[in-house]
Amino acid sequence: MRKIAALAGLATALLVAGPAAAATAHDDTDNLYSAEACKVPGKSKFDFHIYYNSAQSGAWRNIGYSVYNFADVPDGVAGAASPLRFCSSGAGAGQGIKNNAASGENSHYKYTARVYYNSGFKGAQDVMAPYQYIDRFVHVFNQDASFQWT
């Protein structure tokens, strides 16, 4: 009985905490391998869109979960990681996102999106409230290393 109560409490905590606190290794692989990552922004279930060029242009990638380090995303194999790359055929397609992003858009209805200068959600950051976009990052323009929902 105690195990069931503990599991129910944990499940409730994860549901209430949202995407920022409920990150798992599965989320990392979703950011890397899910088809949602490369769908046209606005048609993806992933609500953060990061772009290679200013004004939400060029190649993009949709991100569904917080990313500790754009260049070193765990890929589901113990000890292995891969860089997160821009999708599409626009300018920057195939380039790593780390230190290459110029703009972003948050299409989440509830959570704030933060892009950080350093890995590990540290340093200067650009912040986007729900439904906000930034045409040209002010603090992390081409110097971006991590992303977090808050």
# chains A, B, ... in the order shown; residues from 1 in each chain; ligands from 1
$ select_by_dssp --residues "chain A" --states "strand (DSSP E)" --output "ChimeraX atom specification"
/A:48-53,57-63,73-74,81-82,103-106,113-118,122-128,133-134,146-149
$ write_last_selection --atoms "N, CA, C and O atoms" --output "short mmCIF file (atom, residue, chain, number, x, y, z; two decimals), in the first residue's frame"
data_model
loop_
_atom_site.label_atom_id
_atom_site.label_comp_id
_atom_site.auth_asym_id
_atom_site.auth_seq_id
_atom_site.Cartn_x
_atom_site.Cartn_y
_atom_site.Cartn_z
N PHE A 48 9.16 24.92 -28.44
CA PHE A 48 10.22 25.93 -28.58
C PHE A 48 10.88 25.74 -29.93
O PHE A 48 11.22 24.62 -30.33
N HIS A 49 11.05 26.84 -30.65
CA HIS A 49 11.63 26.80 -32.00
C HIS A 49 12.86 27.71 -32.00
O HIS A 49 12.76 28.89 -31.67
N ILE A 50 13.99 27.14 -32.37
CA ILE A 50 15.24 27.90 -32.40
C ILE A 50 15.71 27.96 -33.85
O ILE A 50 15.60 26.97 -34.58
N TYR A 51 16.21 29.12 -34.27
CA TYR A 51 16.53 29.38 -35.67
C TYR A 51 17.99 29.77 -35.87
O TYR A 51 18.58 30.45 -35.04
N TYR A 52 18.50 29.40 -37.02
CA TYR A 52 19.88 29.73 -37.39
C TYR A 52 20.05 31.21 -37.68
O TYR A 52 21.05 31.81 -37.32
N ASN A 53 19.07 31.83 -38.33
CA ASN A 53 19.15 33.24 -38.70
C ASN A 53 18.22 34.10 -37.85
O ASN A 53 17.31 33.60 -37.19
N SER A 57 14.26 32.86 -39.28
CA SER A 57 14.49 32.40 -40.65
C SER A 57 15.69 31.46 -40.70
O SER A 57 16.40 31.30 -39.73
N GLY A 58 15.88 30.87 -41.85
CA GLY A 58 16.92 29.86 -42.00
C GLY A 58 16.48 28.55 -41.40
O GLY A 58 15.29 28.33 -41.15
N ALA A 59 17.42 27.68 -41.17
CA ALA A 59 17.11 26.37 -40.59
C ALA A 59 16.62 26.53 -39.16
O ALA A 59 16.91 27.53 -38.50
N TRP A 60 15.85 25.54 -38.70
CA TRP A 60 15.30 25.57 -37.35
C TRP A 60 15.38 24.20 -36.72
O TRP A 60 15.69 23.21 -37.37
N ARG A 61 15.06 24.16 -35.44
CA ARG A 61 14.83 22.91 -34.74
C ARG A 61 13.78 23.19 -33.67
O ARG A 61 13.81 24.23 -33.02
N ASN A 62 12.84 22.28 -33.55
CA ASN A 62 11.83 22.35 -32.50
C ASN A 62 12.36 21.57 -31.30
O ASN A 62 12.88 20.46 -31.46
N ILE A 63 12.22 22.14 -30.12
CA ILE A 63 12.73 21.51 -28.91
C ILE A 63 11.57 21.32 -27.95
O ILE A 63 10.81 22.25 -27.69
N VAL A 73 24.15 16.03 -26.16
CA VAL A 73 22.86 15.53 -25.72
C VAL A 73 22.92 14.01 -25.61
O VAL A 73 23.21 13.34 -26.60
N PRO A 74 22.67 13.45 -24.42
CA PRO A 74 22.68 11.99 -24.27
C PRO A 74 21.73 11.35 -25.28
O PRO A 74 20.61 11.80 -25.46
N ALA A 81 26.75 10.53 -26.58
CA ALA A 81 25.99 11.77 -26.75
C ALA A 81 26.19 12.28 -28.17
O ALA A 81 27.15 11.91 -28.85
N SER A 82 25.28 13.13 -28.59
CA SER A 82 25.34 13.71 -29.93
C SER A 82 24.98 15.19 -29.85
O SER A 82 24.24 15.60 -28.97
N SER A 103 17.82 33.43 -33.35
CA SER A 103 16.48 33.85 -32.92
C SER A 103 15.70 32.64 -32.41
O SER A 103 16.12 31.50 -32.60
N GLY A 104 14.57 32.93 -31.76
CA GLY A 104 13.76 31.87 -31.22
C GLY A 104 12.32 32.28 -31.04
O GLY A 104 11.98 33.46 -31.10
N GLU A 105 11.49 31.26 -30.80
CA GLU A 105 10.06 31.49 -30.61
C GLU A 105 9.52 30.47 -29.62
O GLU A 105 9.79 29.28 -29.73
N ASN A 106 8.74 30.94 -28.65
CA ASN A 106 8.10 30.09 -27.67
C ASN A 106 6.61 30.03 -27.98
O ASN A 106 5.90 31.01 -27.82
N ALA A 113 10.42 30.16 -21.89
CA ALA A 113 11.58 29.53 -22.54
C ALA A 113 12.82 30.38 -22.26
O ALA A 113 12.76 31.61 -22.39
N ARG A 114 13.92 29.73 -21.92
CA ARG A 114 15.18 30.44 -21.65
C ARG A 114 16.31 29.80 -22.45
O ARG A 114 16.51 28.59 -22.37
N VAL A 115 17.04 30.62 -23.18
CA VAL A 115 18.22 30.16 -23.91
C VAL A 115 19.42 30.79 -23.20
O VAL A 115 19.47 32.01 -23.02
N TYR A 116 20.39 29.94 -22.81
CA TYR A 116 21.51 30.38 -22.00
C TYR A 116 22.81 30.44 -22.81
O TYR A 116 23.03 29.63 -23.71
N TYR A 117 23.68 31.32 -22.40
CA TYR A 117 25.00 31.51 -22.98
C TYR A 117 25.90 30.30 -22.72
O TYR A 117 26.67 29.88 -23.58
N ASN A 118 25.79 29.72 -21.53
CA ASN A 118 26.63 28.59 -21.14
C ASN A 118 25.82 27.30 -21.02
O ASN A 118 24.60 27.35 -20.82
N LYS A 122 23.38 28.26 -17.41
CA LYS A 122 24.14 29.28 -16.68
C LYS A 122 24.50 30.43 -17.60
O LYS A 122 24.54 30.30 -18.82
N GLY A 123 24.81 31.55 -16.98
CA GLY A 123 25.27 32.72 -17.70
C GLY A 123 24.13 33.57 -18.24
O GLY A 123 22.98 33.42 -17.85
N ALA A 124 24.49 34.49 -19.11
CA ALA A 124 23.50 35.39 -19.72
C ALA A 124 22.43 34.56 -20.40
O ALA A 124 22.67 33.42 -20.81
N GLN A 125 21.24 35.15 -20.54
CA GLN A 125 20.14 34.41 -21.15
C GLN A 125 19.17 35.34 -21.85
O GLN A 125 19.07 36.51 -21.51
N ASP A 126 18.49 34.80 -22.84
CA ASP A 126 17.36 35.46 -23.46
C ASP A 126 16.12 34.70 -23.02
O ASP A 126 16.10 33.46 -23.03
N VAL A 127 15.08 35.43 -22.64
CA VAL A 127 13.88 34.85 -22.04
C VAL A 127 12.68 35.18 -22.91
O VAL A 127 12.49 36.32 -23.32
N MET A 128 11.87 34.15 -23.18
CA MET A 128 10.64 34.32 -23.96
C MET A 128 9.45 33.82 -23.16
O MET A 128 9.38 32.64 -22.83
N TYR A 133 8.36 35.77 -29.15
CA TYR A 133 9.51 35.45 -29.99
C TYR A 133 10.54 36.55 -29.86
O TYR A 133 10.23 37.66 -29.42
N ILE A 134 11.77 36.24 -30.21
CA ILE A 134 12.85 37.22 -30.25
C ILE A 134 13.46 37.16 -31.64
O ILE A 134 13.96 36.11 -32.06
N SER A 146 22.58 26.22 -23.98
CA SER A 146 21.59 25.37 -23.34
C SER A 146 20.22 26.04 -23.38
O SER A 146 20.10 27.23 -23.65
N PHE A 147 19.21 25.23 -23.10
CA PHE A 147 17.82 25.70 -23.14
C PHE A 147 17.06 25.09 -21.98
O PHE A 147 17.25 23.92 -21.64
N GLN A 148 16.16 25.90 -21.38
CA GLN A 148 15.38 25.38 -20.25
C GLN A 148 13.98 25.98 -20.24
O GLN A 148 13.80 27.18 -20.48
N TRP A 149 12.99 25.13 -19.94
CA TRP A 149 11.63 25.60 -19.66
C TRP A 149 11.58 25.99 -18.19
O TRP A 149 12.12 25.29 -17.34
#
$ residues_around --residues "Asp47 (chain A)" --least-positions-apart "4" --cutoff "10 Å" --atoms "only C-alpha atoms" --output "PyMOL selection string"
chain A and resi 36-37+41-43+62-65+105-109+111+113+130-131
$ atom_distance --atom1 "CA of Gly79 (chain A)" --atom2 "CA of Ser34 (chain A)"
20.3 Å
$ closest_atom_pairs --of "region 76-116 of chain A" --to "region 137-144 of chain A" --cutoff "6 Å" --atoms "only C-alpha atoms" --output "tab-separated table"
residue	atom	partner	partner_atom	distance
A:Lys98	CA	A:Asp144	CA	5.5
A:Asn99	CA	A:Gln143	CA	4.1
A:Asn100	CA	A:Asn142	CA	4.5
A:Ala101	CA	A:Asn142	CA	5.0
A:Ala102	CA	A:Phe141	CA	5.0
A:Ser103	CA	A:Phe137	CA	5.4
A:Tyr116	CA	A:Asp144	CA	5.7
$ closest_residue --among "A:Ala80, A:Ala129, A:Asp27, A:Phe70" --to "Thr112 (chain A)" --atoms "only C-alpha atoms"
A:Ala129
$ atom_distance --atom1 "CA of Leu32 (chain A)" --atom2 "CA of Thr150 (chain A)"
20.7 Å
$ atom_distance --atom1 "CA of Pro83 (chain A)" --atom2 "CA of Arg136 (chain A)"
22.6 Å
$ select_by_dssp --residues "chain A" --states "alpha helix (DSSP H)" --output "list in words"
Arg2, Lys3, Ile4, Ala5, Ala6, Leu7, Ala8, Gly9, Leu10, Ala11, Thr12, Ala13, Leu14, Leu15, Val16, Ala17, Ala25, His26, Asp27, Asp28, Thr29, Asp30, Asn31, Leu32 and Tyr33 of chain A
$ closest_residue --among "A:Lys45, A:Ala91, A:Ile97, A:Val40" --to "Asp72 (chain A)" --atoms "only C-alpha atoms"
A:Ile97
$ closest_residue --among "A:Ser54, A:Ser66, A:Ser44, A:Ser119" --to "Gly92 (chain A)" --atoms "only C-alpha atoms"
A:Ser54
$ decode --residues "region 86-135 of chain A" --atoms "N, CA and C atoms" --output "tab-separated table (two decimals), in the first residue's frame"
chain	number	residue	atom	x	y	z
A	86	PHE	N	20.47	21.80	-36.46
A	86	PHE	CA	19.34	22.42	-37.15
A	86	PHE	C	18.82	21.49	-38.23
A	87	CYS	N	17.50	21.54	-38.43
A	87	CYS	CA	16.82	20.74	-39.46
A	87	CYS	C	16.57	21.60	-40.69
A	88	SER	N	15.82	21.08	-41.62
A	88	SER	CA	15.34	21.75	-42.84
A	88	SER	C	16.45	21.95	-43.85
A	89	SER	N	16.11	22.60	-44.94
A	89	SER	CA	17.09	22.82	-46.01
A	89	SER	C	17.54	24.27	-46.10
A	90	GLY	N	17.15	25.09	-45.14
A	90	GLY	CA	17.52	26.51	-45.15
A	90	GLY	C	18.96	26.73	-44.73
A	91	ALA	N	19.35	28.00	-44.71
A	91	ALA	CA	20.69	28.37	-44.28
A	91	ALA	C	20.94	27.80	-42.88
A	92	GLY	N	22.04	27.13	-42.70
A	92	GLY	CA	22.40	26.54	-41.42
A	92	GLY	C	21.96	25.11	-41.22
A	93	ALA	N	21.25	24.53	-42.19
A	93	ALA	CA	20.77	23.15	-42.07
A	93	ALA	C	21.95	22.22	-41.79
A	94	GLY	N	21.79	21.37	-40.79
A	94	GLY	CA	22.82	20.41	-40.44
A	94	GLY	C	23.88	20.95	-39.49
A	95	GLN	N	23.92	22.26	-39.29
A	95	GLN	CA	24.89	22.85	-38.36
A	95	GLN	C	24.47	22.53	-36.93
A	96	GLY	N	25.43	22.43	-36.04
A	96	GLY	CA	25.12	22.27	-34.64
A	96	GLY	C	24.47	23.53	-34.10
A	97	ILE	N	23.54	23.39	-33.20
A	97	ILE	CA	22.84	24.55	-32.63
A	97	ILE	C	23.76	25.36	-31.73
A	98	LYS	N	24.64	24.67	-30.97
A	98	LYS	CA	25.48	25.39	-30.00
A	98	LYS	C	26.30	26.47	-30.69
A	99	ASN	N	26.15	27.69	-30.19
A	99	ASN	CA	26.86	28.88	-30.69
A	99	ASN	C	26.53	29.23	-32.14
A	100	ASN	N	25.36	28.83	-32.62
A	100	ASN	CA	24.94	29.13	-33.99
A	100	ASN	C	23.53	29.67	-34.12
A	101	ALA	N	22.82	29.89	-33.03
A	101	ALA	CA	21.42	30.33	-33.12
A	101	ALA	C	21.31	31.85	-33.02
A	102	ALA	N	20.37	32.40	-33.78
A	102	ALA	CA	20.19	33.85	-33.82
A	102	ALA	C	18.83	34.31	-33.30
A	103	SER	N	17.82	33.43	-33.35
A	103	SER	CA	16.48	33.85	-32.92
A	103	SER	C	15.70	32.64	-32.41
A	104	GLY	N	14.57	32.93	-31.76
A	104	GLY	CA	13.76	31.87	-31.22
A	104	GLY	C	12.32	32.28	-31.04
A	105	GLU	N	11.49	31.26	-30.80
A	105	GLU	CA	10.06	31.49	-30.61
A	105	GLU	C	9.52	30.47	-29.62
A	106	ASN	N	8.74	30.94	-28.65
A	106	ASN	CA	8.10	30.09	-27.67
A	106	ASN	C	6.61	30.03	-27.98
A	107	SER	N	6.12	28.87	-28.40
A	107	SER	CA	4.69	28.75	-28.69
A	107	SER	C	3.96	27.97	-27.59
A	108	HIS	N	4.60	27.82	-26.43
A	108	HIS	CA	3.93	27.15	-25.31
A	108	HIS	C	2.95	28.12	-24.66
A	109	TYR	N	1.81	27.61	-24.23
A	109	TYR	CA	0.78	28.46	-23.65
A	109	TYR	C	1.06	28.82	-22.18
A	110	LYS	N	1.98	28.08	-21.53
A	110	LYS	CA	2.15	28.24	-20.09
A	110	LYS	C	3.59	28.50	-19.63
A	111	TYR	N	4.57	27.85	-20.26
A	111	TYR	CA	5.94	27.90	-19.76
A	111	TYR	C	6.79	28.96	-20.46
A	112	THR	N	7.74	29.50	-19.69
A	112	THR	CA	8.70	30.46	-20.20
A	112	THR	C	9.89	29.69	-20.77
A	113	ALA	N	10.42	30.16	-21.89
A	113	ALA	CA	11.58	29.53	-22.54
A	113	ALA	C	12.82	30.38	-22.26
A	114	ARG	N	13.92	29.73	-21.92
A	114	ARG	CA	15.18	30.44	-21.65
A	114	ARG	C	16.31	29.80	-22.45
A	115	VAL	N	17.04	30.62	-23.18
A	115	VAL	CA	18.22	30.16	-23.91
A	115	VAL	C	19.42	30.79	-23.20
A	116	TYR	N	20.39	29.94	-22.81
A	116	TYR	CA	21.51	30.38	-22.00
A	116	TYR	C	22.81	30.44	-22.81
A	117	TYR	N	23.68	31.32	-22.40
A	117	TYR	CA	25.00	31.51	-22.98
A	117	TYR	C	25.90	30.30	-22.72
A	118	ASN	N	25.79	29.72	-21.53
A	118	ASN	CA	26.63	28.59	-21.14
A	118	ASN	C	25.82	27.30	-21.02
A	119	SER	N	26.50	26.19	-21.08
A	119	SER	CA	25.87	24.90	-20.80
A	119	SER	C	25.44	24.86	-19.35
A	120	GLY	N	24.50	24.00	-19.05
A	120	GLY	CA	24.06	23.84	-17.68
A	120	GLY	C	23.14	24.93	-17.18
A	121	PHE	N	22.50	25.65	-18.10
A	121	PHE	CA	21.54	26.70	-17.76
A	121	PHE	C	22.20	27.81	-16.95
A	122	LYS	N	23.38	28.26	-17.41
A	122	LYS	CA	24.14	29.28	-16.68
A	122	LYS	C	24.50	30.43	-17.60
A	123	GLY	N	24.81	31.55	-16.98
A	123	GLY	CA	25.27	32.72	-17.70
A	123	GLY	C	24.13	33.57	-18.24
A	124	ALA	N	24.49	34.49	-19.11
A	124	ALA	CA	23.50	35.39	-19.72
A	124	ALA	C	22.43	34.56	-20.40
A	125	GLN	N	21.24	35.15	-20.54
A	125	GLN	CA	20.14	34.41	-21.15
A	125	GLN	C	19.17	35.34	-21.85
A	126	ASP	N	18.49	34.80	-22.84
A	126	ASP	CA	17.36	35.46	-23.46
A	126	ASP	C	16.12	34.70	-23.02
A	127	VAL	N	15.08	35.43	-22.64
A	127	VAL	CA	13.88	34.85	-22.04
A	127	VAL	C	12.68	35.18	-22.91
A	128	MET	N	11.87	34.15	-23.18
A	128	MET	CA	10.64	34.32	-23.96
A	128	MET	C	9.45	33.82	-23.16
A	129	ALA	N	8.54	34.71	-22.88
A	129	ALA	CA	7.29	34.35	-22.20
A	129	ALA	C	6.46	33.51	-23.17
A	130	PRO	N	5.38	32.89	-22.67
A	130	PRO	CA	4.50	32.15	-23.59
A	130	PRO	C	4.08	33.02	-24.79
A	131	TYR	N	4.13	32.41	-25.95
A	131	TYR	CA	3.76	33.04	-27.23
A	131	TYR	C	4.64	34.23	-27.62
A	132	GLN	N	5.81	34.33	-27.06
A	132	GLN	CA	6.73	35.42	-27.41
A	132	GLN	C	7.83	34.90	-28.32
A	133	TYR	N	8.36	35.77	-29.15
A	133	TYR	CA	9.51	35.45	-29.99
A	133	TYR	C	10.54	36.55	-29.86
A	134	ILE	N	11.77	36.24	-30.21
A	134	ILE	CA	12.85	37.22	-30.25
A	134	ILE	C	13.46	37.16	-31.64
A	135	ASP	N	13.39	38.27	-32.38
A	135	ASP	CA	13.91	38.31	-33.74
A	135	ASP	C	15.42	38.20	-33.81
